[in-house]
Structure formats: C-alpha cells, structure tokens
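Structure file start29.cif (mmCIF, C-alpha atoms) follows.
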data_structure
#
loop_
_atom_site.label_atom_id
_atom_site.label_comp_id
_atom_site.auth_asym_id
_atom_site.auth_seq_id
_atom_site.Cartn_x
_atom_site.Cartn_y
_atom_site.Cartn_z
CA MET A 1 129.23 67.42 99.24
CA MET A 2 125.65 67.04 100.32
CA GLN A 3 124.28 63.63 101.14
CA LEU A 4 120.86 62.85 99.70
CA GLU A 5 119.53 61.25 102.88
CA GLU A 6 120.51 64.21 105.03
CA PHE A 7 119.11 66.66 102.46
CA ILE A 8 115.75 64.90 102.41
CA LYS A 9 115.59 65.00 106.21
CA LYS A 10 116.30 68.74 106.25
CA PHE A 11 113.93 69.34 103.31
CA ALA A 12 111.13 67.51 105.17
CA GLU A 13 111.81 69.55 108.33
CA CYS A 14 110.93 72.71 106.36
CA PHE A 15 107.28 71.59 106.25
CA ASN A 16 104.73 72.00 109.02
CA GLN A 17 101.75 69.98 107.88
CA THR A 18 103.38 67.38 105.65
CA ASP A 19 104.39 64.08 107.24
CA ALA A 20 108.18 63.88 107.05
CA ALA A 21 107.98 60.13 106.40
CA SER A 22 106.00 60.80 103.23
CA ILE A 23 108.88 62.71 101.65
CA THR A 24 111.14 60.43 99.63
CA PRO A 25 113.65 61.02 96.80
CA GLU A 26 110.79 60.45 94.35
CA THR A 27 108.39 62.93 95.95
CA GLU A 28 107.23 65.54 93.45
CA PHE A 29 107.54 68.41 95.89
CA ARG A 30 105.66 71.01 93.86
CA LYS A 31 102.59 68.77 94.02
CA LEU A 32 102.57 68.72 97.82
CA ASP A 33 99.54 70.52 99.28
CA GLU A 34 101.75 72.63 101.48
CA TRP A 35 104.13 73.71 98.70
CA GLY A 36 103.95 77.36 97.67
CA SER A 37 106.02 80.53 97.53
CA MET A 38 106.49 80.61 101.32
CA MET A 39 107.81 77.04 101.32
CA ALA A 40 110.18 77.98 98.49
CA LEU A 41 111.64 80.78 100.66
CA ILE A 42 111.98 78.42 103.62
CA VAL A 43 113.83 75.82 101.49
CA ILE A 44 116.09 78.50 99.96
CA ALA A 45 116.97 79.78 103.44
CA MET A 46 117.64 76.23 104.69
CA VAL A 47 119.97 75.36 101.79
CA ASP A 48 121.77 78.70 102.17
CA ALA A 49 122.27 78.22 105.90
CA ASP A 50 123.06 74.50 105.99
CA TYR A 51 124.89 74.00 102.69
CA ASN A 52 126.02 77.52 101.75
CA LYS A 53 124.47 77.04 98.32
CA THR A 54 122.00 79.10 96.32
CA VAL A 55 118.68 77.71 95.11
CA THR A 56 117.18 79.83 92.35
CA SER A 57 113.58 79.94 91.18
CA GLU A 58 114.83 78.28 87.98
CA ASP A 59 116.27 75.41 90.07
CA LEU A 60 112.92 74.97 91.78
CA LYS A 61 111.12 74.94 88.43
CA SER A 62 113.56 72.61 86.68
CA ALA A 63 113.38 69.88 89.32
CA ASN A 64 110.31 67.72 89.72
CA THR A 65 111.39 65.41 92.54
CA VAL A 66 113.33 66.01 95.73
CA ALA A 67 116.21 63.92 94.34
CA GLN A 68 116.30 66.05 91.19
CA LEU A 69 116.37 69.19 93.32
CA PHE A 70 119.25 67.69 95.28
CA ASP A 71 121.15 67.10 92.01
CA VAL A 72 120.47 70.61 90.74
CA ILE A 73 121.67 72.19 93.98
CA ASN A 74 124.76 70.00 94.01
CA ARG A 75 125.69 71.28 90.57
CA ASN A 76 125.47 74.93 91.74
CA MET B 1 133.51 102.83 95.07
CA ALA B 2 134.59 101.03 98.17
CA VAL B 3 133.97 102.11 101.70
CA PHE B 4 134.16 105.87 102.29
CA THR B 5 133.93 108.23 105.23
CA VAL B 6 132.25 111.63 105.48
CA PRO B 7 133.47 113.88 108.31
CA ASN B 8 131.78 116.61 110.34
CA VAL B 9 128.13 115.56 109.97
CA SER B 10 125.65 114.06 112.41
CA ILE B 11 121.95 113.28 112.78
CA LYS B 12 120.14 115.62 115.16
CA GLY B 13 116.58 114.37 114.97
CA LEU B 14 114.04 112.03 113.47
CA ALA B 15 110.29 112.06 112.78
CA VAL B 16 108.02 109.61 110.97
CA CYS B 17 104.41 109.87 109.78
CA VAL B 18 102.25 106.83 108.93
CA PRO B 19 98.66 106.69 107.67
CA SER B 20 96.17 105.83 110.42
CA GLN B 21 94.41 103.20 108.29
CA ILE B 22 95.53 99.69 109.22
CA GLU B 23 95.08 96.53 107.16
CA ASP B 24 95.49 93.09 108.74
CA ASN B 25 97.03 90.21 106.79
CA LYS B 26 95.05 87.83 109.01
CA GLN B 27 91.93 89.17 107.26
CA LEU B 28 93.40 89.34 103.76
CA ASP B 29 91.08 87.44 101.40
CA LEU B 30 93.81 87.29 98.76
CA LEU B 31 95.54 84.62 100.85
CA ALA B 32 93.94 81.33 101.86
CA GLU B 33 93.55 81.01 105.63
CA ASN B 34 96.48 78.61 106.07
CA GLU B 35 98.57 80.81 103.77
CA ARG B 36 97.89 83.83 106.01
CA ASP B 37 99.33 82.18 109.11
CA LEU B 38 102.38 80.86 107.26
CA PHE B 39 102.93 84.28 105.68
CA ILE B 40 102.73 86.11 109.01
CA LYS B 41 105.07 83.58 110.63
CA THR B 42 107.58 83.47 107.76
CA VAL B 43 107.60 86.99 106.36
CA GLY B 44 106.78 88.49 109.74
CA ILE B 45 104.21 91.03 108.56
CA ARG B 46 100.76 91.19 110.11
CA TYR B 47 99.62 94.81 109.98
CA ARG B 48 100.14 97.35 107.22
CA ARG B 49 99.53 101.09 107.05
CA VAL B 50 97.67 102.12 103.92
CA ALA B 51 97.38 105.72 102.79
CA PRO B 52 93.89 106.74 101.60
CA LYS B 53 93.61 107.86 98.00
CA GLY B 54 94.87 111.41 97.79
CA THR B 55 97.44 111.07 100.56
CA ILE B 56 100.87 110.57 99.06
CA ALA B 57 104.49 110.28 100.12
CA SER B 58 105.19 114.01 100.13
CA ASP B 59 102.19 114.58 102.44
CA LEU B 60 103.53 112.07 104.95
CA CYS B 61 107.06 113.49 104.71
CA GLN B 62 105.77 117.06 105.03
CA LYS B 63 103.98 116.21 108.29
CA ALA B 64 107.10 114.49 109.58
CA ALA B 65 109.30 117.45 108.58
CA GLU B 66 106.99 120.03 110.21
CA LYS B 67 106.97 118.06 113.46
CA LEU B 68 110.72 117.55 113.36
CA LEU B 69 111.49 121.24 112.72
CA ALA B 70 109.24 122.18 115.65
CA ASP B 71 110.75 119.58 118.00
CA LEU B 72 114.31 120.49 117.02
CA GLN B 73 113.40 124.18 117.34
CA TRP B 74 114.97 124.74 113.94
CA ASN B 75 113.96 127.76 111.89
CA PRO B 76 113.01 126.66 108.35
CA ALA B 77 114.99 129.67 107.07
CA ASP B 78 118.18 128.01 108.33
CA ILE B 79 117.84 124.84 106.21
CA SER B 80 120.50 124.66 103.49
CA ILE B 81 119.66 121.29 101.88
CA LEU B 82 116.48 119.29 101.29
CA VAL B 83 116.70 115.88 99.63
CA PHE B 84 113.48 113.96 99.00
CA ILE B 85 113.92 110.26 98.28
CA THR B 86 110.90 108.48 96.87
CA GLN B 87 109.60 106.29 94.06
CA THR B 88 106.12 107.73 94.42
CA PRO B 89 106.57 111.42 93.57
CA ASP B 90 103.73 113.93 93.17
CA TYR B 91 104.38 114.28 89.43
CA ILE B 92 106.65 112.92 86.71
CA ILE B 93 107.64 116.57 86.23
CA PRO B 94 108.51 118.65 88.28
CA ASN B 95 110.60 117.36 91.17
CA THR B 96 108.55 116.98 94.34
CA SER B 97 111.29 118.44 96.54
CA SER B 98 110.59 121.90 95.09
CA LEU B 99 106.97 121.65 96.25
CA LEU B 100 108.18 120.54 99.67
CA GLN B 101 110.65 123.45 99.84
CA HIS B 102 107.74 125.83 99.33
CA LYS B 103 105.30 124.06 101.66
CA LEU B 104 107.86 123.87 104.46
CA GLY B 105 108.83 127.52 104.06
CA LEU B 106 112.46 126.78 103.30
CA PRO B 107 114.55 129.64 101.86
CA LYS B 108 115.24 130.16 98.16
CA ASN B 109 118.96 129.60 98.72
CA CYS B 110 118.21 126.00 99.73
CA LEU B 111 119.74 123.20 97.62
CA VAL B 112 116.82 120.91 96.78
CA PHE B 113 116.42 117.77 94.69
CA ASP B 114 114.69 114.38 94.40
CA VAL B 115 116.34 110.98 94.31
CA ASN B 116 114.60 107.92 92.85
CA LEU B 117 115.55 105.07 95.17
CA GLY B 118 113.56 102.61 97.25
CA CYS B 119 114.73 100.27 99.96
CA SER B 120 118.34 101.48 99.90
CA GLY B 121 117.18 105.11 99.87
CA TYR B 122 117.72 106.03 103.51
CA VAL B 123 121.35 104.90 103.55
CA TYR B 124 122.02 106.52 100.17
CA GLY B 125 120.26 109.68 101.35
CA LEU B 126 122.44 109.97 104.44
CA SER B 127 125.53 109.66 102.23
CA ILE B 128 124.30 112.28 99.73
CA ILE B 129 123.35 114.84 102.37
CA SER B 130 126.41 114.29 104.50
CA GLY B 131 128.63 114.63 101.40
CA LEU B 132 127.14 118.06 100.71
CA LEU B 133 126.83 119.20 104.32
CA GLN B 134 130.48 118.51 105.17
CA ASN B 135 131.34 121.58 103.06
CA MET B 136 128.85 123.86 104.84
CA PRO B 137 130.02 124.78 108.37
CA GLY B 138 126.94 125.65 110.41
CA GLY B 139 124.67 124.09 107.80
CA LYS B 140 121.47 122.19 108.52
CA ALA B 141 119.72 119.73 106.21
CA LEU B 142 116.53 117.73 105.90
CA LEU B 143 116.46 114.22 104.48
CA LEU B 144 112.87 113.30 103.61
CA VAL B 145 112.39 109.65 102.72
CA GLY B 146 109.12 107.88 102.09
CA ASP B 147 106.76 106.08 99.76
CA VAL B 148 103.13 105.16 99.29
CA SER B 149 104.02 101.76 97.84
CA THR B 150 100.45 100.56 98.34
CA ALA B 151 99.46 102.88 95.48
CA THR B 152 101.86 101.09 93.12
CA ILE B 153 100.61 97.53 93.61
CA SER B 154 97.68 95.48 92.38
CA LYS B 155 95.18 94.53 95.08
CA GLN B 156 94.88 91.21 93.22
CA ASP B 157 98.57 90.37 93.57
CA LYS B 158 99.41 88.20 96.56
CA SER B 159 103.14 88.57 95.90
CA THR B 160 103.02 92.30 96.77
CA THR B 161 99.81 93.26 98.62
CA PRO B 162 100.60 91.50 101.94
CA LEU B 163 104.07 93.09 102.04
CA PHE B 164 103.79 96.79 101.40
CA SER B 165 102.84 99.60 103.69
CA ASP B 166 103.16 103.41 103.61
CA ALA B 167 105.24 105.89 105.61
CA GLY B 168 107.16 109.14 105.31
CA SER B 169 110.13 110.21 107.39
CA ALA B 170 112.19 113.30 108.11
CA THR B 171 115.74 113.28 109.41
CA GLY B 172 117.54 116.45 110.50
CA LEU B 173 121.29 116.57 109.95
CA GLU B 174 123.78 119.24 110.95
CA TYR B 175 127.41 120.10 110.35
CA THR B 176 129.10 118.78 113.51
CA THR B 177 132.86 119.03 113.97
CA GLY B 178 134.43 115.74 114.94
CA GLN B 179 131.50 113.48 113.99
CA LYS B 180 131.61 111.20 110.96
CA MET B 181 129.70 108.58 109.05
CA HIS B 182 131.02 105.57 107.13
CA PHE B 183 129.31 104.16 104.04
CA ASN B 184 129.52 101.13 101.75
CA LEU B 185 127.18 101.61 98.76
CA GLN B 186 126.65 99.15 95.90
CA THR B 187 124.55 98.60 92.77
CA ASP B 188 123.77 95.80 90.30
CA GLY B 189 121.63 97.04 87.43
CA LYS B 190 121.69 93.62 85.76
CA GLU B 191 118.69 92.66 87.89
CA TYR B 192 116.87 95.97 87.33
CA ASP B 193 113.61 94.17 86.53
CA ASP B 194 113.39 92.14 89.74
CA ILE B 195 111.27 94.98 91.12
CA ILE B 196 109.71 97.11 88.41
CA VAL B 197 106.66 99.07 87.32
CA PRO B 198 107.07 98.38 83.58
CA ASP B 199 104.82 101.05 82.05
CA GLY B 200 104.22 104.72 82.72
CA GLY B 201 107.77 105.95 82.32
CA PHE B 202 109.30 106.96 79.02
CA ARG B 203 110.61 103.52 77.94
CA ASN B 204 107.08 102.12 77.91
CA ARG B 205 104.62 104.98 77.70
CA VAL B 206 101.12 104.46 79.04
CA SER B 207 98.96 102.73 76.44
CA GLU B 208 95.65 100.91 76.40
CA GLN B 209 97.52 97.66 77.01
CA SER B 210 99.02 99.14 80.18
CA PHE B 211 95.63 98.80 81.90
CA GLU B 212 95.03 95.15 81.00
CA MET B 213 94.82 92.93 84.07
CA VAL B 214 96.97 89.86 83.40
CA GLU B 215 97.11 86.67 85.46
CA HIS B 216 100.81 85.84 85.76
CA GLU B 217 100.30 83.02 88.26
CA LYS B 218 97.39 81.94 90.41
CA GLY B 219 96.77 84.85 92.80
CA ILE B 220 99.15 87.15 90.95
CA ASN B 221 97.11 89.48 88.77
CA ARG B 222 98.44 92.87 87.81
CA THR B 223 98.59 95.46 85.06
CA ALA B 224 101.80 96.85 83.57
CA LEU B 225 101.23 99.95 85.70
CA ASP B 226 101.50 97.87 88.89
CA MET B 227 104.67 96.83 90.62
CA LYS B 228 106.10 93.41 89.79
CA LEU B 229 108.21 91.80 92.51
CA ASP B 230 110.30 88.67 91.91
CA GLY B 231 110.35 87.59 95.53
CA LEU B 232 112.70 84.62 95.15
CA ARG B 233 115.33 86.59 93.24
CA ILE B 234 115.20 89.39 95.80
CA PHE B 235 115.43 86.86 98.61
CA ASN B 236 118.56 85.33 97.08
CA PHE B 237 120.00 88.78 96.39
CA ALA B 238 119.64 89.72 100.07
CA LEU B 239 121.16 86.43 101.26
CA ARG B 240 124.08 86.93 98.87
CA GLU B 241 124.90 90.62 99.30
CA VAL B 242 123.78 92.12 102.61
CA ALA B 243 126.08 90.38 105.09
CA PRO B 244 129.26 90.78 102.96
CA ASN B 245 128.44 94.48 102.44
CA ILE B 246 128.22 95.05 106.20
CA ASN B 247 131.31 92.95 106.93
CA GLU B 248 133.26 95.00 104.39
CA LEU B 249 132.05 98.27 105.95
CA LEU B 250 133.11 97.19 109.42
CA SER B 251 136.43 95.67 108.48
CA ALA B 252 137.49 98.65 106.32
CA THR B 253 136.75 101.03 109.19
CA ASN B 254 138.12 98.80 111.96
CA ILE B 255 134.82 98.71 113.80
CA ASP B 256 134.21 95.71 116.01
CA LYS B 257 130.72 94.23 115.66
CA GLU B 258 130.62 93.87 119.42
CA ASN B 259 130.85 97.64 119.81
CA VAL B 260 127.83 98.32 117.62
CA ASP B 261 124.69 98.84 119.70
CA TYR B 262 122.14 98.01 116.99
CA PHE B 263 121.97 96.80 113.40
CA VAL B 264 118.91 98.37 111.76
CA PHE B 265 117.94 96.51 108.61
CA HIS B 266 115.50 97.48 105.90
CA GLN B 267 112.34 95.68 107.01
CA ALA B 268 111.71 93.36 104.07
CA ASN B 269 111.08 89.83 105.29
CA LEU B 270 111.64 88.17 108.67
CA LEU B 271 113.08 84.92 107.31
CA MET B 272 115.45 86.89 105.08
CA LEU B 273 116.60 89.18 107.89
CA GLU B 274 117.00 86.34 110.36
CA SER B 275 119.19 84.56 107.79
CA VAL B 276 121.31 87.70 107.44
CA ARG B 277 121.45 88.13 111.22
CA LYS B 278 122.75 84.58 111.62
CA LYS B 279 125.34 85.07 108.84
CA LEU B 280 126.61 88.12 110.74
CA GLN B 281 126.50 86.17 114.02
CA LEU B 282 124.45 88.89 115.71
CA THR B 283 122.37 88.28 118.81
CA THR B 284 118.64 88.91 118.51
CA ASP B 285 118.74 91.87 120.92
CA LYS B 286 120.90 93.83 118.48
CA VAL B 287 118.47 93.56 115.56
CA PRO B 288 115.20 95.48 116.04
CA TYR B 289 112.12 94.73 113.95
CA THR B 290 108.97 96.66 113.04
CA LEU B 291 107.79 94.20 110.38
CA TYR B 292 104.87 92.79 112.36
CA ASN B 293 103.14 96.10 112.99
CA TYR B 294 104.25 98.23 110.03
CA GLY B 295 105.20 95.90 107.14
CA ASN B 296 107.59 96.96 104.40
CA THR B 297 107.41 100.74 104.09
CA SER B 298 110.10 100.79 101.38
CA SER B 299 112.66 103.55 101.97
CA ALA B 300 111.11 104.51 105.32
CA THR B 301 111.64 101.22 107.18
CA ILE B 302 115.00 102.19 108.66
CA PRO B 303 113.99 105.56 110.16
CA LEU B 304 110.66 104.01 111.24
CA THR B 305 112.46 101.20 113.04
CA MET B 306 114.94 103.62 114.61
CA LEU B 307 112.07 105.74 115.91
CA VAL B 308 109.64 103.04 117.03
CA GLN B 309 112.08 100.51 118.48
CA LEU B 310 115.10 102.60 119.45
CA GLY B 311 113.57 106.04 120.02
CA GLN B 312 114.01 106.05 123.80
CA LYS B 313 117.64 104.92 123.58
CA LEU B 314 118.44 107.36 120.80
CA GLN B 315 117.03 110.21 122.86
CA SER B 316 118.73 109.37 126.12
CA GLU B 317 122.12 107.82 125.28
CA PRO B 318 124.83 107.96 122.61
CA GLN B 319 124.31 105.08 120.19
CA LYS B 320 126.44 103.31 117.59
CA LEU B 321 124.35 101.99 114.70
CA VAL B 322 124.83 100.05 111.51
CA LEU B 323 122.04 100.78 109.01
CA SER B 324 121.51 98.49 106.02
CA GLY B 325 119.15 99.07 103.09
CA PHE B 326 118.73 96.84 100.04
CA GLY B 327 116.28 96.28 97.21
CA VAL B 328 114.98 97.85 94.01
CA GLY B 329 117.68 98.80 91.51
CA LEU B 330 119.20 96.53 92.60
CA SER B 331 120.75 98.95 95.02
CA TRP B 332 122.13 98.29 98.47
CA GLY B 333 124.35 99.81 101.10
CA SER B 334 125.23 100.14 104.73
CA ALA B 335 126.19 103.00 107.00
CA TYR B 336 127.89 103.22 110.36
CA ILE B 337 126.74 106.22 112.36
CA GLU B 338 127.11 107.44 115.91
CA THR B 339 124.32 109.46 117.46
CA ASP B 340 124.37 111.59 120.60
CA LYS B 341 120.96 112.06 122.23
CA ILE B 342 118.99 112.96 119.14
CA VAL B 343 115.45 114.31 119.09
CA CYS B 344 112.91 111.58 118.32
CA SER B 345 109.46 113.02 117.64
CA GLN B 346 106.41 111.03 118.62
CA LEU B 347 105.18 108.85 115.74
CA ILE B 348 102.62 110.82 113.74
CA GLU B 349 99.43 109.21 112.41
CA LEU B 350 97.71 110.97 109.53
#
Can you dump the structure from the file as structure tokens?
Amino acid sequence: MMQLEEFIKKFAECFNQTDAASITPETEFRKLDEWGSMMALIVIAMVDADYNKTVTSEDLKSANTVAQLFDVINRN
Amino acid sequence: MAVFTVPNVSIKGLAVCVPSQIEDNKQLDLLAENERDLFIKTVGIRYRRVAPKGTIASDLCQKAAEKLLADLQWNPADISILVFITQTPDYIIPNTSSLLQHKLGLPKNCLVFDVNLGCSGYVYGLSIISGLLQNMPGGKALLLVGDVSTATISKQDKSTTPLFSDAGSATGLEYTTGQKMHFNLQTDGKEYDDIIVPDGGFRNRVSEQSFEMVEHEKGINRTALDMKLDGLRIFNFALREVAPNINELLSATNIDKENVDYFVFHQANLLMLESVRKKLQLTTDKVPYTLYNYGNTSSATIPLTMLVQLGQKLQSEPQKLVLSGFGVGLSWGSAYIETDKIVCSQLIEL
C-alpha cells in the first residue's frame, strides 16, 4: 500500500524546475508549468519502479490533483 | 508459441547504411527550448539521420547489402534467401524484395519475400531466415531490415518528429553446423492502433480527407497519412512486456544472464530502456546505446547498435548476445545468439 506522503515526495522529485515544497495533495499537477508528455513518462517510470504499478494515460487524464492521482494508482 | 530453438544457423556479417543528413533536436523549433533539453535528457535522442526525398529504405538496404557481400567475399549467385523487412516499401504492389533480388544480382532460384514489421522486425527476421536456412546445408541468406520512418511522420508532430531517424541494414547468415539461435516471439493485436498510419491501405483508402491537417493536441498536427504514435501506451507496453519476455527466453534455455556479453535493445527511449535494464538487473556496461547519435531507426536499431557500439568486439571475439525488439503491432520478441568473429562493415553514409 502506498502512503500519500511518500508518494508526493517521490512525485515532486520527478520535477526539475518545480519547487518540491509547492507540491501538495491539492496541487493540480497538469497545470504546473513543467508538466508535459516528458513529465508523464518520468512519473510513469517512477511509479513502475518504486510501486510496481501501472499509470495509464487515462489515469493521468482522470486525476486533477496529486491526491486524486494517488487514489487512482492505488486502485490499479 | 513459447520459446523455440533453431539449429545450424549463424550470423556471418553485418552492414548498415544511414543517410548523411543529420538533424539536431537541440535546434528543433517544434519543441520549446526547455522542452528540447528535457527531451534529449529523458528520451536520449539528440541527432537523427533523415533521408532526402527520393532515398528510401530499399536504397539504404541495397547499399548495405552490396558492401556486406563484398566484405564477406560472397558471390551473389550463392544467396538462397532474401528477406526484406520494412514498413516503408517501394510500392504497395509489388513486393520490394523482388526489386532488391534483381538489383543485387541474386539468382532466380532465390527465395525472396517482404515482411511488414517495425521495431520487432530484426528479431523476427532472424527467426524467419534461420527457420528456412536450417533446411539448406551450405545455404547463405541475406536479411535486409530498414525503414525511412521520417517519410511517414508529420513535421508538425512533436510526438514523432524528434524520435525517428532512417537506416537500412544487411545481415549475412549461413548454414553452420553446431550453431543455434533461441527465440521468444510475441504479439498483441489488441493495441494495433497504438502506432498506426490510418489511411492509405485498403481499410481506409486515400481520400480528400486523408490530406487534412488536424490538430490533435498542441504541437501534434498530422494528417491521416502520417504516423500516429501513442507514446504513453507504448511506454507502458515496453515496461510491462520486455523484461518478462527476455527472462522467459533465458530461463527456458537455461542461459545465465551473467554469461551474456551484451543485451542489445531496440533503441526507442532512454528512460524506457533504463527502466527495462533495471528490471533485468543488468549493469550499464552490458547495454549499449546509439539513441543519442542515431535516434529511433525503427527495425534497424538493433543491427545499427551492434555495428556502431559492438563492431570491434564482434569482429575480434566470440560474443553472446540477447537481442530485444518491441513496438508496432504490437509485436515483440527476443533472441539469444552466439557470434564468432563476424564481418562488420564500416558504417556507410549515403
């Protein structure tokens, strides 16, 4: 079972130019300046490696906030 | 089909031809400047080879085959099989391999055909040729594999243009008593439209609508005659399937990973391949890359990487290799081969 706090830390570590402290459960990640198709690949690879779970493009589209993404991935 | 073994066949030589024209993703206007750096770092591709209009896959493969025949000192009259694997043929009809048989001066009693496969094509091609060649003592064969993928993509599509590059390869195989190759080949047609050129075949004939430029997302503009690539689905497919396919190949044939000299992957995406490498617990020195300088040359990435990164080793020492190709179809597979001082022609630029 993933823990939200740990997931947010790892999610924030995927970014280069975004301040990790600015990423909270309520952050709408698709609205971040740095978010794009490359960041999607990096997050998919992180979740695969660290949680052995698959994040689909549908998952990324259906979640608005980081917490919602966490919930979607947990259901997979 | 599970893992299978083909006896009495080995690779004798390898040649690759790339266009001389180079495009640099660092200068690609399609991507914003910060996107370019992140793309090069993440996907691993900086330079791409782009064939000029009029130069196509069979031209690149022909040059590679001519050089290989000369370097192997093989008489074209002695070739029994020619298989040409491409998704960018000369014509819809006829098969391009017949044109190549004529241009290369191969005999009329040569078994010749095309195969429509992309990124898995080299591994599939080795299995097809070796399956035929094992019944032909003394036989010699040419596997020609290549694409001009840059001719299939929209220059206004940032999901494909920074990735694809062109190359053609030629591999010489010969009946060799005592040698063998192992294969594990798979397919999942459910995701056939993850990589697709929708129009121009016989399901969707070319129509006026085929030429309409459509904006699918910001920076992704293409017609129905251009290739569509669902990058995220392909990424997940590779993470899901490639490592288990290789593990199954090795375990079914009792081959210890430690005894494999190199794992040569289809050069698709650095982040993807590094994820697969870590899943397989391989050290970085066992996984060669040509992504940075040559991009994704579709079916030709494996022979290109063998030649450019392993050419000296392949020429001077016996080598044990795992080859893994995966992509359009969806089609994927791996091969375990052993080579013994094969001929590696100098990379040709056309």
Could the residues of chain A that have an atom at most 12 Å from chain B be listed as a tab-separated table, each with its closest atom pair and the distance in Å to one decimal, counting all atoms listed in the file and ordered by chain and ascending residue number?
residue	atom	partner	partner_atom	distance
A:Cys14	CA	B:Thr42	CA	11.4
A:Phe15	CA	B:Leu38	CA	10.5
A:Asn16	CA	B:Leu38	CA	9.3
A:Gln17	CA	B:Asn34	CA	10.3
A:Asp33	CA	B:Asn34	CA	11.0
A:Glu34	CA	B:Glu35	CA	9.1
A:Trp35	CA	B:Glu35	CA	10.3
A:Gly36	CA	B:Glu35	CA	8.8
A:Ser37	CA	B:Leu232	CA	8.2
A:Met38	CA	B:Phe39	CA	6.7
A:Met39	CA	B:Leu38	CA	8.9
A:Ala40	CA	B:Leu232	CA	7.8
A:Leu41	CA	B:Leu232	CA	6.8
A:Ile42	CA	B:Leu271	CA	7.6
A:Val43	CA	B:Leu271	CA	10.8
A:Ile44	CA	B:Asn236	CA	7.8
A:Ala45	CA	B:Ser275	CA	6.8
A:Met46	CA	B:Ser275	CA	9.0
A:Val47	CA	B:Ser275	CA	11.0
A:Asp48	CA	B:Leu239	CA	7.8
A:Ala49	CA	B:Ser275	CA	7.3
A:Asp50	CA	B:Ser275	CA	10.9
A:Asn52	CA	B:Arg240	CA	10.0
A:Lys53	CA	B:Arg240	CA	9.9
A:Thr54	CA	B:Asn236	CA	7.2
A:Val55	CA	B:Asn236	CA	7.9
A:Thr56	CA	B:Arg233	CA	7.1
A:Ser57	CA	B:Leu232	CA	6.2
A:Glu58	CA	B:Leu232	CA	9.8
A:Asp59	CA	B:Leu232	CA	11.1
A:Leu60	CA	B:Leu232	CA	10.2
A:Lys61	CA	B:Leu232	CA	11.9
A:Ala12 environment, 12 Å, all atoms listed in the file, sequence neighbours closer than 6 positions dropped, as a count of residues only: 20
Surrounding residues of stretch 327-341 of chain B excluding itself and chain neighbours under 3 positions, 9 Å, only C-alpha atoms, as JSON, numbers by chain: {"B": [10, 11, 12, 13, 117, 118, 119, 120, 121, 123, 124, 126, 127, 179, 180, 181, 182, 183, 184, 185, 186, 187, 188, 189, 190, 191, 192, 193, 194, 195, 196, 234, 237, 238, 241, 242, 245, 246, 249, 250, 255, 260, 266, 268, 298, 313, 314, 315, 316, 317, 318, 319, 320, 321, 322, 323, 324, 344]}
d(atom CA of B:Leu229, atom CA of B:Leu28) in Å: 18.8 Å
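Between B:Thr86 and the residues B:Gly105, B:Pro52, B:Pro162, B:Gly125, the shortest atom-to-atom distance, using all atoms listed in the file, involves B:Gly125.
Going from atom CA of B:Val206 to atom CA of B:Phe164 covers 23.8 Å.
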Å distance separating atom CA of B:Ser20 from atom CA of B:Ala51, one decimal place: 7.7 Å
